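Q: Have a peek at work_2.pdb (PDB, C-alpha atoms).
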ATOM      1  CA  VAL J  92      -6.004  -8.308   6.221  1.00  0.00           C
ATOM      2  CA  GLY J  93      -6.626  -7.283   9.814  1.00  0.00           C
ATOM      3  CA  SER J  94      -8.016  -8.331  13.172  1.00  0.00           C
ATOM      4  CA  TYR J  95     -11.640  -8.467  11.962  1.00  0.00           C
ATOM      5  CA  LEU J  96     -10.835 -11.446   9.757  1.00  0.00           C
ATOM      6  CA  LEU J  97      -9.333 -13.250  12.749  1.00  0.00           C
ATOM      7  CA  ASN J  98     -12.194 -12.325  15.117  1.00  0.00           C
ATOM      8  CA  THR J  99      -9.710 -10.609  17.420  1.00  0.00           C
ATOM      9  CA  CYS J 100     -11.122  -7.042  17.393  1.00  0.00           C
ATOM     10  CA  LEU J 101     -10.733  -5.272  20.735  1.00  0.00           C
ATOM     11  CA  LYS J 102     -12.347  -1.900  19.992  1.00  0.00           C
ATOM     12  CA  LYS J 103     -15.997  -0.994  19.843  1.00  0.00           C
ATOM     13  CA  GLN J 104     -15.325   0.725  16.484  1.00  0.00           C
ATOM     14  CA  GLU J 105     -14.248  -2.208  14.332  1.00  0.00           C
ATOM     15  CA  ASN J 106     -11.901  -1.767  11.389  1.00  0.00           C
ATOM     16  CA  ILE J 107     -12.296  -4.013   8.392  1.00  0.00           C
ATOM     17  CA  ASN J 108      -9.029  -3.979   6.451  1.00  0.00           C
ATOM     18  CA  LEU J 109      -9.328  -4.935   2.801  1.00  0.00           C
ATOM     19  CA  SER J 110      -6.455  -5.330   0.379  1.00  0.00           C
ATOM     20  CA  LEU J 111      -7.013  -4.374  -3.258  1.00  0.00           C
ATOM     21  CA  HIS J 112      -4.662  -5.982  -5.757  1.00  0.00           C
ATOM     22  CA  ILE J 113      -3.372  -3.539  -8.347  1.00  0.00           C
ATOM     23  CA  PRO J 114      -3.515  -5.385 -11.678  1.00  0.00           C
ATOM     24  CA  GLN J 115      -0.148  -6.391 -13.051  1.00  0.00           C
ATOM     25  CA  GLU J 116      -1.088  -4.698 -16.338  1.00  0.00           C
ATOM     26  CA  CYS J 117      -0.895  -1.347 -14.525  1.00  0.00           C
ATOM     27  CA  LEU J 118       2.733  -1.919 -13.512  1.00  0.00           C
ATOM     28  CA  GLN J 119       6.114  -1.919 -15.226  1.00  0.00           C
ATOM     29  CA  PRO J 120       9.331  -3.662 -14.139  1.00  0.00           C
ATOM     30  CA  LYS J 121      11.130  -0.401 -13.241  1.00  0.00           C
ATOM     31  CA  ASP J 122       8.301   0.979 -11.109  1.00  0.00           C
ATOM     32  CA  ASN J 123      10.425   0.247  -8.045  1.00  0.00           C
ATOM     33  CA  LEU J 124      12.545   3.299  -8.929  1.00  0.00           C
ATOM     34  CA  ASN J 125      11.980   6.951  -8.051  1.00  0.00           C
ATOM     35  CA  TYR J 126       8.529   6.687  -6.410  1.00  0.00           C
ATOM     36  CA  ARG J 127       6.936   5.505  -9.664  1.00  0.00           C
ATOM     37  CA  TYR J 128       5.028   2.672  -7.969  1.00  0.00           C
ATOM     38  CA  PHE J 129       3.811   4.964  -5.189  1.00  0.00           C
ATOM     39  CA  HIS J 130       2.535   7.520  -7.721  1.00  0.00           C
ATOM     40  CA  LYS J 131       0.610   4.759  -9.508  1.00  0.00           C
ATOM     41  CA  ARG J 132      -0.714   3.535  -6.158  1.00  0.00           C
ATOM     42  CA  VAL J 133      -2.107   6.972  -5.302  1.00  0.00           C
ATOM     43  CA  LEU J 134      -3.669   7.285  -8.764  1.00  0.00           C
ATOM     44  CA  TYR J 135      -5.305   3.859  -8.330  1.00  0.00           C
ATOM     45  CA  LEU J 136      -6.737   4.839  -4.934  1.00  0.00           C
ATOM     46  CA  CYS J 137      -7.933   8.215  -6.292  1.00  0.00           C
ATOM     47  CA  ILE J 138      -9.869   6.516  -9.068  1.00  0.00           C
ATOM     48  CA  ILE J 139     -11.469   4.120  -6.579  1.00  0.00           C
ATOM     49  CA  ALA J 140     -12.258   7.008  -4.200  1.00  0.00           C
ATOM     50  CA  SER J 141     -13.925   9.013  -6.959  1.00  0.00           C
ATOM     51  CA  HIS J 142     -16.182   6.056  -7.811  1.00  0.00           C
ATOM     52  CA  LEU J 143     -17.034   5.394  -4.162  1.00  0.00           C
ATOM     53  CA  LYS J 144     -17.886   9.065  -3.514  1.00  0.00           C
ATOM     54  CA  LYS J 145     -20.511   8.852  -6.261  1.00  0.00           C
ATOM     55  CA  LYS J 146     -22.310   6.179  -4.173  1.00  0.00           C
ATOM     56  CA  LYS J 147     -23.741   8.671  -1.673  1.00  0.00           C
ATOM     57  CA  LYS J 148     -26.493   6.232  -0.684  1.00  0.00           C
ATOM     58  CA  LEU J 149     -23.930   3.676   0.512  1.00  0.00           C
ATOM     59  CA  PHE J 150     -21.112   5.668   2.121  1.00  0.00           C
ATOM     60  CA  LEU J 151     -21.154   8.456   4.673  1.00  0.00           C
ATOM     61  CA  SER J 152     -17.522   9.364   4.003  1.00  0.00           C
ATOM     62  CA  VAL J 153     -14.547   8.351   1.876  1.00  0.00           C
ATOM     63  CA  GLN J 154     -11.266   9.822   3.144  1.00  0.00           C
ATOM     64  CA  PHE J 155      -7.537   9.365   2.698  1.00  0.00           C
ATOM     65  CA  SER J 156      -5.173   8.560   5.538  1.00  0.00           C
ATOM     66  CA  HIS J 157      -1.703   7.032   5.917  1.00  0.00           C
ATOM     67  CA  ASP J 158      -1.059   3.417   6.836  1.00  0.00           C
ATOM     68  CA  MET J 159       1.223   3.259   9.887  1.00  0.00           C
ATOM     69  CA  GLY J 160       1.768   7.025   9.595  1.00  0.00           C
ATOM     70  CA  THR J 161       3.852   6.526   6.447  1.00  0.00           C
ATOM     71  CA  PRO J 162       3.162   9.066   3.672  1.00  0.00           C
ATOM     72  CA  LEU J 163       4.252   6.485   1.089  1.00  0.00           C
ATOM     73  CA  LEU J 164       1.309   4.267   2.092  1.00  0.00           C
ATOM     74  CA  PRO J 165      -1.982   6.115   1.722  1.00  0.00           C
ATOM     75  CA  VAL J 166      -5.177   4.182   2.433  1.00  0.00           C
ATOM     76  CA  LEU J 167      -8.862   4.900   1.903  1.00  0.00           C
ATOM     77  CA  ILE J 168     -11.026   5.040   5.014  1.00  0.00           C
ATOM     78  CA  ILE J 169     -14.700   4.423   4.299  1.00  0.00           C
ATOM     79  CA  THR J 170     -17.627   4.868   6.671  1.00  0.00           C
ATOM     80  CA  PRO J 171     -20.868   3.104   5.676  1.00  0.00           C
ATOM     81  CA  LYS J 172     -24.049   5.204   5.663  1.00  0.00           C
ATOM     82  CA  ASP J 173     -26.314   2.471   7.027  1.00  0.00           C
ATOM     83  CA  SER J 174     -26.781   3.159  10.742  1.00  0.00           C
ATOM     84  CA  SER J 175     -26.540  -0.546  11.589  1.00  0.00           C
ATOM     85  CA  LEU J 176     -23.033  -0.597  10.058  1.00  0.00           C
ATOM     86  CA  ARG J 177     -21.732   2.688  11.509  1.00  0.00           C
ATOM     87  CA  HIS J 178     -19.571   0.935  14.102  1.00  0.00           C
ATOM     88  CA  TYR J 179     -17.504  -0.448  11.198  1.00  0.00           C
ATOM     89  CA  THR J 180     -14.779   1.425   9.385  1.00  0.00           C
ATOM     90  CA  ILE J 181     -13.500  -0.036   6.124  1.00  0.00           C
ATOM     91  CA  ILE J 182      -9.834   0.562   5.351  1.00  0.00           C
ATOM     92  CA  LEU J 183      -8.718  -0.105   1.788  1.00  0.00           C
ATOM     93  CA  HIS J 184      -5.053  -0.993   1.325  1.00  0.00           C
ATOM     94  CA  THR J 185      -3.347  -1.939  -1.926  1.00  0.00           C
ATOM     95  CA  SER J 186      -1.007  -4.748  -2.854  1.00  0.00           C
ATOM     96  CA  ILE J 187       0.848  -5.990  -5.902  1.00  0.00           C
ATOM     97  CA  PRO J 188       1.897  -9.460  -7.064  1.00  0.00           C
ATOM     98  CA  GLU J 189       4.203 -11.031  -4.493  1.00  0.00           C
ATOM     99  CA  GLU J 190       7.299 -11.351  -6.657  1.00  0.00           C
ATOM    100  CA  PHE J 191       6.740  -8.479  -9.072  1.00  0.00           C
ATOM    101  CA  PHE J 192       9.971  -6.695  -8.094  1.00  0.00           C
ATOM    102  CA  PRO J 193      13.086  -8.824  -7.527  1.00  0.00           C
ATOM    103  CA  PHE J 194      13.776  -9.099  -3.797  1.00  0.00           C
ATOM    104  CA  ALA J 195      17.485  -8.465  -4.431  1.00  0.00           C
ATOM    105  CA  LYS J 196      16.627  -4.937  -5.566  1.00  0.00           C
ATOM    106  CA  LEU J 197      14.726  -4.262  -2.343  1.00  0.00           C
ATOM    107  CA  LEU J 198      17.407  -5.185   0.179  1.00  0.00           C
ATOM    108  CA  PRO J 199      17.964  -2.580   2.924  1.00  0.00           C
ATOM    109  CA  ASN J 200      21.385  -1.649   1.517  1.00  0.00           C
ATOM    110  CA  ARG J 201      20.068  -0.916  -2.023  1.00  0.00           C
ATOM    111  CA  ASN J 202      19.071   2.436  -3.472  1.00  0.00           C
ATOM    112  CA  ASN J 203      15.823   2.815  -5.415  1.00  0.00           C
ATOM    113  CA  VAL J 204      15.525   6.603  -5.382  1.00  0.00           C
ATOM    114  CA  ARG J 205      18.060   8.036  -7.797  1.00  0.00           C
ATOM    115  CA  PRO J 206      19.381  11.538  -7.105  1.00  0.00           C
ATOM    116  CA  SER J 207      17.992  12.821 -10.408  1.00  0.00           C
ATOM    117  CA  ALA J 208      14.514  12.199  -9.039  1.00  0.00           C
ATOM    118  CA  VAL J 209      14.987  14.402  -5.983  1.00  0.00           C
ATOM    119  CA  THR J 210      18.035  16.681  -6.435  1.00  0.00           C
ATOM    120  CA  THR J 211      19.920  18.808  -8.963  1.00  0.00           C
ATOM    121  CA  ARG J 212      21.635  17.849 -12.211  1.00  0.00           C
ATOM    122  CA  GLU J 213      25.037  17.643 -10.472  1.00  0.00           C
ATOM    123  CA  ALA J 214      23.900  14.507  -8.694  1.00  0.00           C
ATOM    124  CA  GLU J 215      22.791  12.882 -11.957  1.00  0.00           C
ATOM    125  CA  ASP J 216      26.406  12.046 -12.787  1.00  0.00           C
ATOM    126  CA  ARG J 217      26.513   9.575  -9.907  1.00  0.00           C
ATOM    127  CA  ASN J 218      24.956   6.537 -11.552  1.00  0.00           C
ATOM    128  CA  ASN J 219      26.795   3.824  -9.650  1.00  0.00           C
ATOM    129  CA  ASP J 220      24.366   2.160  -7.215  1.00  0.00           C
ATOM    130  CA  ALA J 221      27.247   1.487  -4.804  1.00  0.00           C
ATOM    131  CA  ASP J 222      27.851   5.263  -4.422  1.00  0.00           C
ATOM    132  CA  LEU J 223      24.238   6.051  -3.661  1.00  0.00           C
ATOM    133  CA  ALA J 224      22.776   6.156  -0.178  1.00  0.00           C
ATOM    134  CA  ALA J 225      20.592   3.193   0.713  1.00  0.00           C
ATOM    135  CA  THR J 226      16.812   3.663   0.869  1.00  0.00           C
ATOM    136  CA  PRO J 227      15.731   1.029   3.442  1.00  0.00           C
ATOM    137  CA  ARG J 228      12.389   2.659   4.393  1.00  0.00           C
ATOM    138  CA  TYR J 229      11.408   3.122   0.762  1.00  0.00           C
ATOM    139  CA  ASN J 230      12.413  -0.488   0.019  1.00  0.00           C
ATOM    140  CA  SER J 231      10.499  -1.854   3.010  1.00  0.00           C
ATOM    141  CA  ALA J 232       7.375   0.062   1.921  1.00  0.00           C
ATOM    142  CA  LEU J 233       7.618  -1.696  -1.450  1.00  0.00           C
ATOM    143  CA  LEU J 234       8.067  -5.061   0.276  1.00  0.00           C
ATOM    144  CA  LEU J 235       4.986  -4.414   2.406  1.00  0.00           C
ATOM    145  CA  GLU J 236       2.987  -3.904  -0.775  1.00  0.00           C
ATOM    146  CA  MET J 237       4.273  -7.188  -2.213  1.00  0.00           C
ATOM    147  CA  GLY J 238       2.148  -9.463  -0.066  1.00  0.00           C
ATOM    148  CA  SER J 239       3.621  -8.986   3.404  1.00  0.00           C
ATOM    149  CA  ARG J 240       0.185  -8.162   4.854  1.00  0.00           C
ATOM    150  CA  GLU J 241      -1.340 -11.306   3.378  1.00  0.00           C
ATOM    151  CA  ARG J 242       1.522 -13.528   4.575  1.00  0.00           C
ATOM    152  CA  HIS J 243       1.289 -11.975   8.041  1.00  0.00           C
ATOM    153  CA  ILE J 244      -2.464 -12.552   8.355  1.00  0.00           C
ATOM    154  CA  ASN J 245      -2.051 -16.141   7.106  1.00  0.00           C
ATOM    155  CA  ASP J 246       0.630 -16.794   9.735  1.00  0.00           C
ATOM    156  CA  LEU J 247      -1.569 -15.319  12.480  1.00  0.00           C
ATOM    157  CA  TYR J 248      -4.545 -17.377  11.326  1.00  0.00           C
ATOM    158  CA  ILE J 249      -2.457 -20.574  11.486  1.00  0.00           C
ATOM    159  CA  CYS J 250      -1.295 -19.652  15.015  1.00  0.00           C
ATOM    160  CA  ILE J 251      -4.862 -19.071  16.191  1.00  0.00           C
ATOM    161  CA  LEU J 252      -6.032 -22.383  14.769  1.00  0.00           C
ATOM    162  CA  ASN J 253      -3.248 -24.338  16.471  1.00  0.00           C
TER     163      ASN J 253
END
I need this file expressed as structure tokens, please.
A:
Amino acid sequence: VGSYLLNTCLKKQENINLSLHIPQECLQPKDNLNYRYFHKRVLYLCIIASHLKKKKKLFLSVQFSHDMGTPLLPVLIITPKDSSLRHYTIILHTSIPEEFFPFAKLLPNRNNVRPSAVTTREAEDRNNDADLAATPRYNSALLLEMGSRERHINDLYICILN
């Protein structure tokens, strides 16, 4: 899902961005609330990282980092062990089915982090979504996971071909 696919790499150290689809069976409809999806995402990446670290003959390192500096979007950064492939870095992202969460729930003015998830019991009484502060960054992180990377790379590919 990056510049390597488009043959537009500019650096000597080339990044190969791969997107792993989290199976729909791992998700539930209300995972958009209270960081539930992001906790499942980290668990999914941890399981993959533990399996990759066992392949010591293939990989020099398997590390976590943040996509775009956003703590909600961890990625796995993998360095191949083969010396002929050392100038490549593999970055594993995740994604989920494109329309898994209703887009209306992810609008910038909507709240998807309820106070009970992050504050005291006093805030739990405020259940009306209209009274809650909007969570636009959280919502946009969910939208990014719902196929935005793939749509973006497809649009760039079409532009390059034309």
Q: If I take CA of Ala224 in chain J and CA of Tyr126 in chain J, how far is one from the other in Å, to one decimal?
A: 15.6 Å
Q: Any idea what's packed within 7 Å of range 230-234 of chain J, counting all atoms listed in the file, ignoring anything in its chain fewer than 3 positions away? Could you give it as an MDAnalysis selection string?
A: chainID J and resid 197:199 226:227 237 239
Q: Run the PyMOL selection byres ((chain J and resi 106) around 6) mentally over the shown coordinates, then write out the matched residues as number ranges by chain, using the chain letters and numbers from the document.
A: J: 105, 107, 179-181
Q: To verify the selection step, state as a list in words which residues the PyMOL selection byres ((chain J and resi 147-152) around 6) yields on this input.
A: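 Here the PyMOL selection byres ((chain J and resi 147-152) around 6) matches Lys145, Lys146, Val153, Ile169, Thr170, Pro171 and Lys172 of chain J.
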Q: Looking at all atoms listed in the file, which of J:Asn125, J:Ser186, J:Asn200, J:Asn253 is the one that sits closest to Pro165 in chain J?
A: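 Using all atoms listed in the file, Pro165 in chain J sits closest to J:Ser186.
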Q: Do a neighbour search on Tyr135 in chain J at 12 Å with all atoms listed in the file, toss out local chain neighbours closer than 4 positions, and write the hits as a list in words.
A: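 So, after excluding close chain neighbours, the residues are Leu111, His112, Ile113, Pro114, Cys117, Leu118, Tyr128, Phe129, His130, Lys131, Ile139, Ala140, Ser141, His142, Pro165, Val166, Leu167, Leu183, His184, Thr185, Ser186 and Ile187 of chain J.
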Q: Let me see the file: selected residues, C-alpha atoms, as a PDB file, in the coordinates of the input.
A:
ATOM      1  CA  LEU J 111      -7.013  -4.374  -3.258  1.00  0.00           C
ATOM      2  CA  HIS J 112      -4.662  -5.982  -5.757  1.00  0.00           C
ATOM      3  CA  ILE J 113      -3.372  -3.539  -8.347  1.00  0.00           C
ATOM      4  CA  PRO J 114      -3.515  -5.385 -11.678  1.00  0.00           C
ATOM      5  CA  CYS J 117      -0.895  -1.347 -14.525  1.00  0.00           C
ATOM      6  CA  LEU J 118       2.733  -1.919 -13.512  1.00  0.00           C
ATOM      7  CA  TYR J 128       5.028   2.672  -7.969  1.00  0.00           C
ATOM      8  CA  PHE J 129       3.811   4.964  -5.189  1.00  0.00           C
ATOM      9  CA  HIS J 130       2.535   7.520  -7.721  1.00  0.00           C
ATOM     10  CA  LYS J 131       0.610   4.759  -9.508  1.00  0.00           C
ATOM     11  CA  ILE J 139     -11.469   4.120  -6.579  1.00  0.00           C
ATOM     12  CA  ALA J 140     -12.258   7.008  -4.200  1.00  0.00           C
ATOM     13  CA  SER J 141     -13.925   9.013  -6.959  1.00  0.00           C
ATOM     14  CA  HIS J 142     -16.182   6.056  -7.811  1.00  0.00           C
ATOM     15  CA  PRO J 165      -1.982   6.115   1.722  1.00  0.00           C
ATOM     16  CA  VAL J 166      -5.177   4.182   2.433  1.00  0.00           C
ATOM     17  CA  LEU J 167      -8.862   4.900   1.903  1.00  0.00           C
ATOM     18  CA  LEU J 183      -8.718  -0.105   1.788  1.00  0.00           C
ATOM     19  CA  HIS J 184      -5.053  -0.993   1.325  1.00  0.00           C
ATOM     20  CA  THR J 185      -3.347  -1.939  -1.926  1.00  0.00           C
ATOM     21  CA  SER J 186      -1.007  -4.748  -2.854  1.00  0.00           C
ATOM     22  CA  ILE J 187       0.848  -5.990  -5.902  1.00  0.00           C
TER      23      ILE J 187
END
Q: Counting only C-alpha atoms, which residue out of J:Arg205, J:Ser156, J:Ile168, J:Asn123 sits closest to Leu143 in chain J?
A: J:Ile168
Q: Give as a ChimeraX atom specification every residue, naming chains and numbers as the document does, that has an atom within 10 Å of (16.1, 4.3, -11.3), counting only C-alpha atoms.
A: /J:121-127,202-208,218,220
Q: Go through J:Leu223, J:Leu176, J:Ile182, J:Leu235 one by one, measure the shortest atom-to-atom distance of each to Phe194 in chain J using only C-alpha atoms, and give the residue with the smallest value.
A: J:Leu235
Q: Taking all atoms listed in the file into account, name the residue in J:Pro120, J:Asn108, J:Lys144, J:Val133 that is nearest to Leu164 in chain J.
A: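 Selected residue with least distance to Leu164 in chain J: J:Val133.
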Q: Could you jot down the CA of Leu247 in chain J to CA of Leu109 in chain J separation for me, Å, one decimal place?
A: 16.2 Å
Q: One decimal, in Å: what's the spacing between CA of Gln119 in chain J and CA of Lys196 in chain J?
A: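 CA of Lys196 in chain J lies 14.6 Å from CA of Gln119 in chain J.
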